[in-house]
Structure formats: C-alpha cells, structure tokens
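Peer 1: Once you've had a glance at the structure underneath, I'll fire off some questions.
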Amino acid sequence: MIDKELLDILCCPETKQEVRYVEGEPIKKINERIKTGTLKNRGGDTVKEPIHAGLLREDRKYLYPIREDIPIMLIDEAIAFEEFDS
C-alpha cells in the first residue's frame, strides 16, 4: 500500500488529474493479461512484469502500475483501464 501522504500529492503526469489506489479484481485481470503476453502499455510495449496495484486516473482511462510499492508514473507505462473497469 502506498503512503497516504504520497498518494495525496501524486497526480497524472499528463493531465494532472488526481489518482486513486486500485487493488483486487482489476489488478488480477490485468495480471492475467500480462501472463498471456497480450497486454500492451500506452507506449505500445508488451507489459512483461506483473503489477501489485495501480493508480487510476480520475477519468478512469489509464492506470499507472505499482511494482514493489513503487508507482511508475510515466505516461508510456500507463495501462488503458477501460476493459478492466468493473
């Protein structure tokens, strides 16, 4: 889990929208796609490493991955979230 104070200051590097912490079922679905080698990030690269959680942009379009408690706040590393939104 990300520290609340850190979460309060993080925002989307592209739009400056607030982000919220996401875990559970959406992350499980994302990791299933990563495992099959069929998930691409915004930069067009195949995502190869599973994620532990994510930071979801306020408009729910993109999720920034969290690996080993480190948020990856790079635009090209974002994962389109629409198909995982339940």
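Ligands are numbered from 1 in the order shown, chains are lettered A, B, ... in the order of the structure tokens, and residues start at 1 in each chain.
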So which residues touch Pro26 in chain A within 9 Å, counting only C-alpha atoms, skipping near sequence neighbours fewer than 3 positions away, as a ChimeraX atom specification?

Peer 2: /A:22-23,29-31,53,81,84-86

Peer 1: What's the 6 Å shell around range 32-43 of chain A, counting only C-alpha atoms, without same-chain residues fewer than 2 positions away, as a PyMOL selection string?

Peer 2: chain A and resi 29-30+45-48+76-79

Peer 1: Take the residues from that selection and put them in a file with N, CA and C atoms, as a PDB file, in the first residue's frame.

Peer 2:
ATOM      1  N   LYS A  29      -7.143  -9.148 -13.072  1.00  0.00           N
ATOM      2  CA  LYS A  29      -7.442  -9.242 -14.511  1.00  0.00           C
ATOM      3  C   LYS A  29      -6.272  -8.722 -15.349  1.00  0.00           C
ATOM      4  N   ILE A  30      -5.682  -7.620 -14.924  1.00  0.00           N
ATOM      5  CA  ILE A  30      -4.523  -7.063 -15.640  1.00  0.00           C
ATOM      6  C   ILE A  30      -3.379  -8.070 -15.626  1.00  0.00           C
ATOM      7  N   ASP A  45       4.484  -1.044 -25.836  1.00  0.00           N
ATOM      8  CA  ASP A  45       5.327  -2.173 -25.438  1.00  0.00           C
ATOM      9  C   ASP A  45       4.497  -3.221 -24.703  1.00  0.00           C
ATOM     10  N   THR A  46       4.844  -4.485 -24.898  1.00  0.00           N
ATOM     11  CA  THR A  46       4.183  -5.557 -24.157  1.00  0.00           C
ATOM     12  C   THR A  46       4.617  -5.480 -22.697  1.00  0.00           C
ATOM     13  N   VAL A  47       3.630  -5.496 -21.801  1.00  0.00           N
ATOM     14  CA  VAL A  47       3.925  -5.464 -20.364  1.00  0.00           C
ATOM     15  C   VAL A  47       4.335  -6.872 -19.955  1.00  0.00           C
ATOM     16  N   LYS A  48       5.519  -7.001 -19.348  1.00  0.00           N
ATOM     17  CA  LYS A  48       6.052  -8.317 -19.023  1.00  0.00           C
ATOM     18  C   LYS A  48       6.064  -8.613 -17.530  1.00  0.00           C
ATOM     19  N   ASP A  76       4.030   6.651 -20.888  1.00  0.00           N
ATOM     20  CA  ASP A  76       4.134   5.471 -21.754  1.00  0.00           C
ATOM     21  C   ASP A  76       3.938   4.147 -21.012  1.00  0.00           C
ATOM     22  N   GLU A  77       4.091   4.144 -19.686  1.00  0.00           N
ATOM     23  CA  GLU A  77       3.919   2.917 -18.898  1.00  0.00           C
ATOM     24  C   GLU A  77       2.472   2.695 -18.459  1.00  0.00           C
ATOM     25  N   ALA A  78       1.609   3.698 -18.668  1.00  0.00           N
ATOM     26  CA  ALA A  78       0.206   3.591 -18.262  1.00  0.00           C
ATOM     27  C   ALA A  78      -0.495   2.480 -19.035  1.00  0.00           C
ATOM     28  N   ILE A  79      -1.482   1.878 -18.384  1.00  0.00           N
ATOM     29  CA  ILE A  79      -2.260   0.792 -18.969  1.00  0.00           C
ATOM     30  C   ILE A  79      -3.685   1.296 -19.175  1.00  0.00           C
TER      31      ILE A  79
END

Peer 1: Name the residues of range 23-86 of chain A that come out as helix (DSSP H, G or I) in a backbone DSSP run; write them as a ChimeraX atom specification.

Peer 2: /A:25-36,75-77,82-84

Peer 1: Kindly save the residues from that selection, with N, CA and C atoms included, as a PDB file, in the first residue's frame.

Peer 2:
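Result went into selection_11.pdb, see below:
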ATOM      1  N   GLU A  25      -9.613  -7.161  -7.763  1.00  0.00           N
ATOM      2  CA  GLU A  25     -10.040  -7.811  -9.007  1.00  0.00           C
ATOM      3  C   GLU A  25      -9.502  -7.159 -10.285  1.00  0.00           C
ATOM      4  N   PRO A  26      -9.536  -5.830 -10.416  1.00  0.00           N
ATOM      5  CA  PRO A  26      -8.976  -5.247 -11.655  1.00  0.00           C
ATOM      6  C   PRO A  26      -7.494  -5.586 -11.847  1.00  0.00           C
ATOM      7  N   ILE A  27      -6.738  -5.589 -10.767  1.00  0.00           N
ATOM      8  CA  ILE A  27      -5.300  -5.902 -10.857  1.00  0.00           C
ATOM      9  C   ILE A  27      -5.123  -7.377 -11.220  1.00  0.00           C
ATOM     10  N   LYS A  28      -5.971  -8.237 -10.671  1.00  0.00           N
ATOM     11  CA  LYS A  28      -5.918  -9.660 -11.026  1.00  0.00           C
ATOM     12  C   LYS A  28      -6.153  -9.842 -12.524  1.00  0.00           C
ATOM     13  N   LYS A  29      -7.143  -9.148 -13.072  1.00  0.00           N
ATOM     14  CA  LYS A  29      -7.442  -9.242 -14.511  1.00  0.00           C
ATOM     15  C   LYS A  29      -6.272  -8.722 -15.349  1.00  0.00           C
ATOM     16  N   ILE A  30      -5.682  -7.620 -14.924  1.00  0.00           N
ATOM     17  CA  ILE A  30      -4.523  -7.063 -15.640  1.00  0.00           C
ATOM     18  C   ILE A  30      -3.379  -8.070 -15.626  1.00  0.00           C
ATOM     19  N   ASN A  31      -3.106  -8.667 -14.470  1.00  0.00           N
ATOM     20  CA  ASN A  31      -2.006  -9.627 -14.368  1.00  0.00           C
ATOM     21  C   ASN A  31      -2.259 -10.889 -15.197  1.00  0.00           C
ATOM     22  N   GLU A  32      -3.515 -11.270 -15.346  1.00  0.00           N
ATOM     23  CA  GLU A  32      -3.829 -12.402 -16.227  1.00  0.00           C
ATOM     24  C   GLU A  32      -3.455 -12.077 -17.672  1.00  0.00           C
ATOM     25  N   ARG A  33      -3.749 -10.867 -18.098  1.00  0.00           N
ATOM     26  CA  ARG A  33      -3.378 -10.447 -19.467  1.00  0.00           C
ATOM     27  C   ARG A  33      -1.860 -10.343 -19.613  1.00  0.00           C
ATOM     28  N   ILE A  34      -1.186  -9.867 -18.570  1.00  0.00           N
ATOM     29  CA  ILE A  34       0.280  -9.789 -18.611  1.00  0.00           C
ATOM     30  C   ILE A  34       0.855 -11.193 -18.770  1.00  0.00           C
ATOM     31  N   LYS A  35       0.310 -12.133 -18.019  1.00  0.00           N
ATOM     32  CA  LYS A  35       0.788 -13.518 -18.054  1.00  0.00           C
ATOM     33  C   LYS A  35       0.659 -14.126 -19.448  1.00  0.00           C
ATOM     34  N   THR A  36      -0.403 -13.766 -20.179  1.00  0.00           N
ATOM     35  CA  THR A  36      -0.590 -14.317 -21.525  1.00  0.00           C
ATOM     36  C   THR A  36       0.237 -13.573 -22.577  1.00  0.00           C
ATOM     37  N   ILE A  75       3.972   8.311 -18.562  1.00  0.00           N
ATOM     38  CA  ILE A  75       2.830   8.256 -19.479  1.00  0.00           C
ATOM     39  C   ILE A  75       2.866   6.987 -20.329  1.00  0.00           C
ATOM     40  N   ASP A  76       4.030   6.651 -20.888  1.00  0.00           N
ATOM     41  CA  ASP A  76       4.134   5.471 -21.754  1.00  0.00           C
ATOM     42  C   ASP A  76       3.938   4.147 -21.012  1.00  0.00           C
ATOM     43  N   GLU A  77       4.091   4.144 -19.686  1.00  0.00           N
ATOM     44  CA  GLU A  77       3.919   2.917 -18.898  1.00  0.00           C
ATOM     45  C   GLU A  77       2.472   2.695 -18.459  1.00  0.00           C
ATOM     46  N   GLU A  82     -10.079   0.742 -19.451  1.00  0.00           N
ATOM     47  CA  GLU A  82     -11.485   0.533 -19.803  1.00  0.00           C
ATOM     48  C   GLU A  82     -11.934  -0.930 -19.720  1.00  0.00           C
ATOM     49  N   GLU A  83     -11.167  -1.849 -20.274  1.00  0.00           N
ATOM     50  CA  GLU A  83     -11.597  -3.244 -20.294  1.00  0.00           C
ATOM     51  C   GLU A  83     -11.510  -3.921 -18.923  1.00  0.00           C
ATOM     52  N   PHE A  84     -10.815  -3.296 -17.976  1.00  0.00           N
ATOM     53  CA  PHE A  84     -10.673  -3.880 -16.643  1.00  0.00           C
ATOM     54  C   PHE A  84     -11.599  -3.226 -15.627  1.00  0.00           C
TER      55      PHE A  84
END

Peer 1: Which of these, A:Ala80, A:Glu14, A:Tyr21, A:Lys4, has the shortest distance to Ile66 in chain A once you count only C-alpha atoms?

Peer 2: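 Once distances to Ile66 in chain A are computed over only C-alpha atoms, the minimum belongs to A:Tyr21.
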
Peer 1: Could you pull the residues within 9 Å of Pro65 in chain A, counting only C-alpha atoms, minus those fewer than 4 positions along the same chain, as a compact mmCIF listing (two decimals) with N, CA and C atoms, in the first residue's frame?

Peer 2:
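Result file is result10.txt:
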# COMPACT_ATOMS: atom_id res chain seq x y z
N PRO A 50 4.39 -8.49 -13.73
CA PRO A 50 3.10 -8.30 -13.05
C PRO A 50 3.14 -7.05 -12.18
N ILE A 51 1.96 -6.53 -11.89
CA ILE A 51 1.87 -5.35 -11.03
C ILE A 51 1.21 -5.76 -9.71
N HIS A 52 1.50 -5.00 -8.67
CA HIS A 52 0.96 -5.30 -7.34
C HIS A 52 -0.30 -4.51 -7.06
N ALA A 53 -0.43 -3.36 -7.70
CA ALA A 53 -1.58 -2.47 -7.55
C ALA A 53 -1.44 -1.42 -8.65
N GLY A 54 -2.26 -0.39 -8.59
CA GLY A 54 -2.15 0.66 -9.59
C GLY A 54 -2.74 1.97 -9.08
N LEU A 55 -2.43 3.03 -9.79
CA LEU A 55 -3.00 4.34 -9.51
C LEU A 55 -3.85 4.71 -10.71
N LEU A 56 -5.14 4.80 -10.48
CA LEU A 56 -6.10 5.04 -11.55
C LEU A 56 -6.39 6.52 -11.67
N ILE A 70 6.34 0.79 -5.62
CA ILE A 70 6.84 1.97 -6.32
C ILE A 70 5.90 2.29 -7.48
N PRO A 71 5.25 3.47 -7.43
CA PRO A 71 4.38 3.85 -8.55
C PRO A 71 5.20 4.25 -9.77
N ILE A 72 4.83 3.72 -10.92
CA ILE A 72 5.52 4.02 -12.17
C ILE A 72 4.69 5.10 -12.89
N MET A 73 5.03 6.35 -12.66
CA MET A 73 4.22 7.47 -13.13
C MET A 73 4.75 8.03 -14.45
N GLU A 77 4.09 4.14 -19.69
CA GLU A 77 3.92 2.92 -18.90
C GLU A 77 2.47 2.70 -18.46
N ALA A 78 1.61 3.70 -18.67
CA ALA A 78 0.21 3.59 -18.26
C ALA A 78 -0.49 2.48 -19.04
N ILE A 79 -1.48 1.88 -18.38
CA ILE A 79 -2.26 0.79 -18.97
C ILE A 79 -3.69 1.30 -19.18

Peer 1: Suppose you want the space between CA of Gly44 in chain A and CA of Asp8 in chain A; what is it in Å?

Peer 2: 29.0 Å

Peer 1: Write out as a PyMOL selection string the residues lying within 7 Å of Leu10 in chain A, counting only C-alpha atoms and excluding same-chain residues fewer than 3 positions away.

Peer 2: chain A and resi 6-7+19

Peer 1: Give me a file of those residues, with N, CA and C atoms, as a PDB file, in the first residue's frame.

Peer 2:
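Listed below is the output, selection_3.pdb:
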ATOM      1  N   LEU A   6       1.900  10.389   0.299  1.00  0.00           N
ATOM      2  CA  LEU A   6       2.412  10.316  -1.065  1.00  0.00           C
ATOM      3  C   LEU A   6       1.252  10.290  -2.054  1.00  0.00           C
ATOM      4  N   LEU A   7       0.243   9.493  -1.768  1.00  0.00           N
ATOM      5  CA  LEU A   7      -0.923   9.401  -2.641  1.00  0.00           C
ATOM      6  C   LEU A   7      -1.596  10.765  -2.800  1.00  0.00           C
ATOM      7  N   VAL A  19      -5.276  10.808  -8.788  1.00  0.00           N
ATOM      8  CA  VAL A  19      -5.246   9.356  -8.976  1.00  0.00           C
ATOM      9  C   VAL A  19      -5.696   8.692  -7.674  1.00  0.00           C
TER      10      VAL A  19
END

Peer 1: Nearest residue to Asp69 in chain A out of A:Glu49, A:Cys11, A:Arg57, A:Ile2, using only C-alpha atoms?

Peer 2: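 Closest to Asp69 in chain A, using only C-alpha atoms: A:Ile2.
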